[in-house]
Amino acid sequence: MVEKCDVLVAGTGAFAGRVIFDLAAGAEKPLTVAIGGRNPDRMDWLRTAANARAAIFGRQAAFSIAPINWETPESIAETIAATQPRVIVQAATLQPPSVAHAGDSEWSRMVMSGGLSITSVFQALLSARTAQAMRVAGVDAAFINCCYADVANGIIAAKGLPMTCGVGNVAILATMFEGDLGIRQPGHVKVLAHHHNLGTWRGPAAERGGIPPRTWINGKEIDDVYARFAHLRLTRESAIDISGCTAVPVIVALIGHQDRLCHVPGPDGLPGGYPVNIEGGVLSLDLPESVTRDEAIAWNRQFEDENGLVVEDDGQVVCNGRLRAQLAAHSPELAKGFHVDDLETAYVDLLELRRKLGG
């Protein structure tokens with residue numbers, strides 16, 4: 001029997017598993033979590049291991065399972081209606097981020113060259129269905145999309161669907177800086193960063209370049225980010241050991257267990273990542289005094305304006321720079337972009353291209 005819960009984590013992959021396990025170890029107040037997916041063996045193990053971890057750490061988090069049929073918003077809505085979550089964390093994706101590092105197919109090499117934004121349709125589809133399912137189920141929950149939120153959240157929000165924020169990405173850099181500086185109280189470090197800013201931190205300091213993340217320490221913006229943190233380096237793989245954990249304070253704050261200053265990508269569907277304040281379960285931007293909301297949005301959008309995917313005010317999705325060139329080489333029609341209302345059709349067309357390229 002499917003149980004009601006505080007949090008529904010939709011997805012059973014590596015990222016979802018990290019979120020679930022960190023909730024088990026980090027939740028300081030009673031919390032019920034439903035693990036949603038379509039693989040019963042995986043769901044059963046995640047439940048067993050998460051409940052064991054909660055016992056190990058003496059936490060009052062309790063985990064159950066909630067099968068999901070991903071085919072339509074209506075089928076997803078059955079699970080949402082049964083669980084009645086206060087927060088939905090959607091982590092299931094049709095394109096694992098490892099494609100950006102694999103290089104083992106023409107598709108993967110195109111992503112490595114043109115950027116992860118080419119996968120935005122695959123990242124957004126299940127989350128858009130899930131957000132629509134919330135409407136079908138009549139459930140008003142905070143909605144977190146974990147799948148390339150810097151760009152995909154804009155697609156979902158432009159469809160007029162619920163969108164609270166993502167997790168990870170900007171928070172990877174912000175918490176990495178906080179940890180290195182010995183700062184343990186949130187709010188002393190504030191960072192503006194797009195997913196595009198992460199890549200250079202995966203290599204040696206001597207090879208880093210491009211626009212650095214804008215970073216403030218105790219209210220003062222520093223202009224030597226690369227030099228100040230030259231000794232820090234991200235793994236070349238997905239940094240879920242940090243990014244998955246960043247979901248915990250966001251989730252418990254959205255439930256209302258605590259107020260929290262933190263960082264999230266794609267709040268309310270905005271491009272890129274920002275410092276935010278979650279107070280009384282409500283999320284708002286918490287920008288440094290020296291930067292306005294419009295300036296922060298424009299700074300984050302510049303990366304997709306140059307080489308990526310932008311959602312215009314009318315809902316048209318536009319491909320730019322290397323991304324457009326990569327698509328045009330294989331499909332001039334796909335390179336023209338699409339309207340957010342045609343997301344399902346764009347998925348079918350892009351899936352056909354991916355299959356042709358061995359992805």
# chains A, B, ... in the order shown; residues from 1 in each chain; ligands from 1
$ residues_around --residues "A:Tyr274" --least-positions-apart "2" --cutoff "9 Å" --atoms "only C-alpha atoms" --output "JSON list (two decimals) with N, CA and C atoms, in the first residue's frame"
[["chain", "number", "residue", "atom", "x", "y", "z"],
["A", 170, "VAL", "N", 25.16, 25.52, -8.90],
["A", 170, "VAL", "CA", 25.72, 26.68, -8.20],
["A", 170, "VAL", "C", 26.07, 26.33, -6.76],
["A", 171, "ALA", "N", 25.25, 25.47, -6.14],
["A", 171, "ALA", "CA", 25.50, 25.10, -4.74],
["A", 171, "ALA", "C", 26.76, 24.25, -4.58],
["A", 190, "LYS", "N", 28.22, 34.14, -1.02],
["A", 190, "LYS", "CA", 27.15, 34.18, -2.01],
["A", 190, "LYS", "C", 27.77, 34.07, -3.40],
["A", 191, "VAL", "N", 27.13, 33.24, -4.23],
["A", 191, "VAL", "CA", 27.70, 32.94, -5.54],
["A", 191, "VAL", "C", 26.62, 33.02, -6.60],
["A", 192, "LEU", "N", 26.94, 33.66, -7.71],
["A", 192, "LEU", "CA", 26.17, 33.54, -8.94],
["A", 192, "LEU", "C", 26.95, 32.63, -9.86],
["A", 193, "ALA", "N", 26.32, 31.55, -10.31],
["A", 193, "ALA", "CA", 27.03, 30.62, -11.19],
["A", 193, "ALA", "C", 26.03, 29.83, -12.02],
["A", 194, "HIS", "N", 26.39, 29.63, -13.26],
["A", 194, "HIS", "CA", 25.63, 28.79, -14.18],
["A", 194, "HIS", "C", 26.32, 27.43, -14.25],
["A", 262, "CYS", "N", 20.70, 29.50, 1.23],
["A", 262, "CYS", "CA", 21.41, 28.49, 0.46],
["A", 262, "CYS", "C", 21.51, 28.93, -0.99],
["A", 263, "HIS", "N", 21.90, 28.03, -1.87],
["A", 263, "HIS", "CA", 22.02, 28.32, -3.30],
["A", 263, "HIS", "C", 21.27, 27.26, -4.09],
["A", 264, "VAL", "N", 20.57, 27.70, -5.14],
["A", 264, "VAL", "CA", 19.86, 26.76, -6.00],
["A", 264, "VAL", "C", 19.93, 27.22, -7.45],
["A", 265, "PRO", "N", 19.89, 26.28, -8.40],
["A", 265, "PRO", "CA", 19.75, 26.65, -9.80],
["A", 265, "PRO", "C", 18.27, 26.74, -10.19],
["A", 266, "GLY", "N", 18.00, 27.58, -11.14],
["A", 266, "GLY", "CA", 16.67, 27.66, -11.71],
["A", 266, "GLY", "C", 15.52, 28.02, -10.80],
["A", 267, "PRO", "N", 15.70, 28.91, -9.79],
["A", 267, "PRO", "CA", 14.55, 29.26, -8.95],
["A", 267, "PRO", "C", 13.46, 29.94, -9.78],
["A", 272, "GLY", "N", 20.30, 29.71, -14.83],
["A", 272, "GLY", "CA", 21.47, 29.69, -13.96],
["A", 272, "GLY", "C", 21.13, 29.58, -12.50],
["A", 276, "VAL", "N", 19.70, 32.09, -2.38],
["A", 276, "VAL", "CA", 18.29, 32.26, -2.07],
["A", 276, "VAL", "C", 18.06, 32.18, -0.56],
["A", 285, "LEU", "N", 14.90, 35.15, -3.88],
["A", 285, "LEU", "CA", 16.31, 35.46, -4.14],
["A", 285, "LEU", "C", 16.90, 36.21, -2.96],
["A", 286, "ASP", "N", 18.19, 35.96, -2.69],
["A", 286, "ASP", "CA", 18.91, 36.62, -1.61],
["A", 286, "ASP", "C", 20.22, 37.16, -2.16],
["A", 287, "LEU", "N", 20.11, 38.11, -3.07],
["A", 287, "LEU", "CA", 21.27, 38.61, -3.79],
["A", 287, "LEU", "C", 22.10, 39.56, -2.94],
["A", 296, "ALA", "N", 21.55, 40.06, -12.17],
["A", 296, "ALA", "CA", 21.88, 38.67, -11.87],
["A", 296, "ALA", "C", 21.33, 37.73, -12.94],
["A", 297, "ILE", "N", 20.10, 37.99, -13.38],
["A", 297, "ILE", "CA", 19.50, 37.16, -14.42],
["A", 297, "ILE", "C", 20.27, 37.31, -15.73],
["A", 300, "ASN", "N", 23.59, 35.41, -15.68],
["A", 300, "ASN", "CA", 23.43, 33.97, -15.87],
["A", 300, "ASN", "C", 22.99, 33.61, -17.28]]
$ residues_around --residues "A:Trp45" --least-positions-apart "6" --cutoff "12 Å" --atoms "only C-alpha atoms" --output "short mmCIF file (atom, residue, chain, number, x, y, z; two decimals) with C-alpha atoms, in the first residue's frame"
data_model
loop_
_atom_site.label_atom_id
_atom_site.label_comp_id
_atom_site.auth_asym_id
_atom_site.auth_seq_id
_atom_site.Cartn_x
_atom_site.Cartn_y
_atom_site.Cartn_z
CA THR A 12 15.91 5.79 -8.40
CA GLY A 13 19.20 6.58 -10.11
CA GLY A 17 19.92 7.63 -4.20
CA ILE A 20 17.60 9.80 -0.22
CA PHE A 21 20.64 8.62 1.74
CA ILE A 35 10.77 6.63 -3.05
CA ASN A 39 12.26 -0.58 -10.70
CA ASN A 51 15.85 3.23 6.85
CA ALA A 52 19.06 1.55 8.01
CA PHE A 63 11.12 5.69 4.00
CA SER A 64 8.51 3.86 1.91
CA ILE A 65 8.09 3.06 -1.79
#
$ atom_distance --atom1 "atom CA of A:His195" --atom2 "atom CA of A:Gln90"
18.3 Å
$ select_by_dssp --residues "stretch 13-194 of chain A" --states "alpha helix (DSSP H)" --output "PyMOL selection string"
chain A and resi 14-26+40-57+73-83+99-102+106-114+120-137+149-158+170-181
$ residues_around --residues "stretch 80-87 of chain A" --least-positions-apart "4" --cutoff "9 Å" --atoms "only C-alpha atoms" --output "JSON, numbers by chain"
{"A": [2, 3, 4, 5, 6, 7, 8, 9, 33, 34, 66, 68, 76, 130, 133, 134, 136, 137, 138, 139, 140, 141, 142, 143, 144, 251, 254, 255]}
$ atom_distance --atom1 "atom CA of A:Pro67" --atom2 "atom CA of A:Thr79"
7.0 Å
$ select_by_dssp --residues "stretch 7-112 of chain A" --states "strand (DSSP E or B)" --output "PyMOL selection string"
chain A and resi 7-10+31-37+61-67+87-90
$ write_last_selection --atoms "C-alpha atoms" --output "mmCIF file, in the first residue's frame"
data_model
loop_
_atom_site.group_PDB
_atom_site.id
_atom_site.type_symbol
_atom_site.label_atom_id
_atom_site.label_comp_id
_atom_site.auth_asym_id
_atom_site.auth_seq_id
_atom_site.Cartn_x
_atom_site.Cartn_y
_atom_site.Cartn_z
ATOM 1 C CA VAL A 7 8.565 14.215 0.440
ATOM 2 C CA LEU A 8 8.250 12.235 -2.784
ATOM 3 C CA VAL A 9 11.632 11.560 -4.407
ATOM 4 C CA ALA A 10 10.792 10.585 -7.978
ATOM 5 C CA LEU A 31 10.259 13.194 8.016
ATOM 6 C CA THR A 32 8.418 10.710 5.813
ATOM 7 C CA VAL A 33 9.876 10.069 2.364
ATOM 8 C CA ALA A 34 8.343 8.052 -0.469
ATOM 9 C CA ILE A 35 10.767 6.634 -3.045
ATOM 10 C CA GLY A 36 9.084 6.704 -6.450
ATOM 11 C CA GLY A 37 10.150 4.795 -9.539
ATOM 12 C CA ALA A 61 13.236 9.837 8.863
ATOM 13 C CA ALA A 62 11.073 6.981 7.576
ATOM 14 C CA PHE A 63 11.120 5.686 4.004
ATOM 15 C CA SER A 64 8.509 3.864 1.911
ATOM 16 C CA ILE A 65 8.089 3.063 -1.786
ATOM 17 C CA ALA A 66 5.615 4.441 -4.334
ATOM 18 C CA PRO A 67 5.684 2.922 -7.858
ATOM 19 C CA VAL A 87 7.661 18.530 -1.615
ATOM 20 C CA ILE A 88 8.321 16.646 -4.862
ATOM 21 C CA VAL A 89 11.948 16.041 -5.810
ATOM 22 C CA GLN A 90 12.053 14.913 -9.437
#
$ closest_residue --among "A:Gln316, A:Gln258, A:Ser108, A:Asn277" --to "A:Leu343" --atoms "only C-alpha atoms"
A:Gln316
$ closest_residue --among "A:Val310, A:Ala158, A:Met163, A:Leu283" --to "A:Asn145" --atoms "only C-alpha atoms"
A:Met163
$ closest_residue --among "A:Val340, A:Met110, A:Leu232, A:Leu334" --to "A:Glu352" --atoms "only C-alpha atoms"
A:Leu334
$ closest_residue --among "A:Val225, A:Cys165, A:Ile217, A:Ala128" --to "A:Val282" --atoms "only C-alpha atoms"
A:Cys165
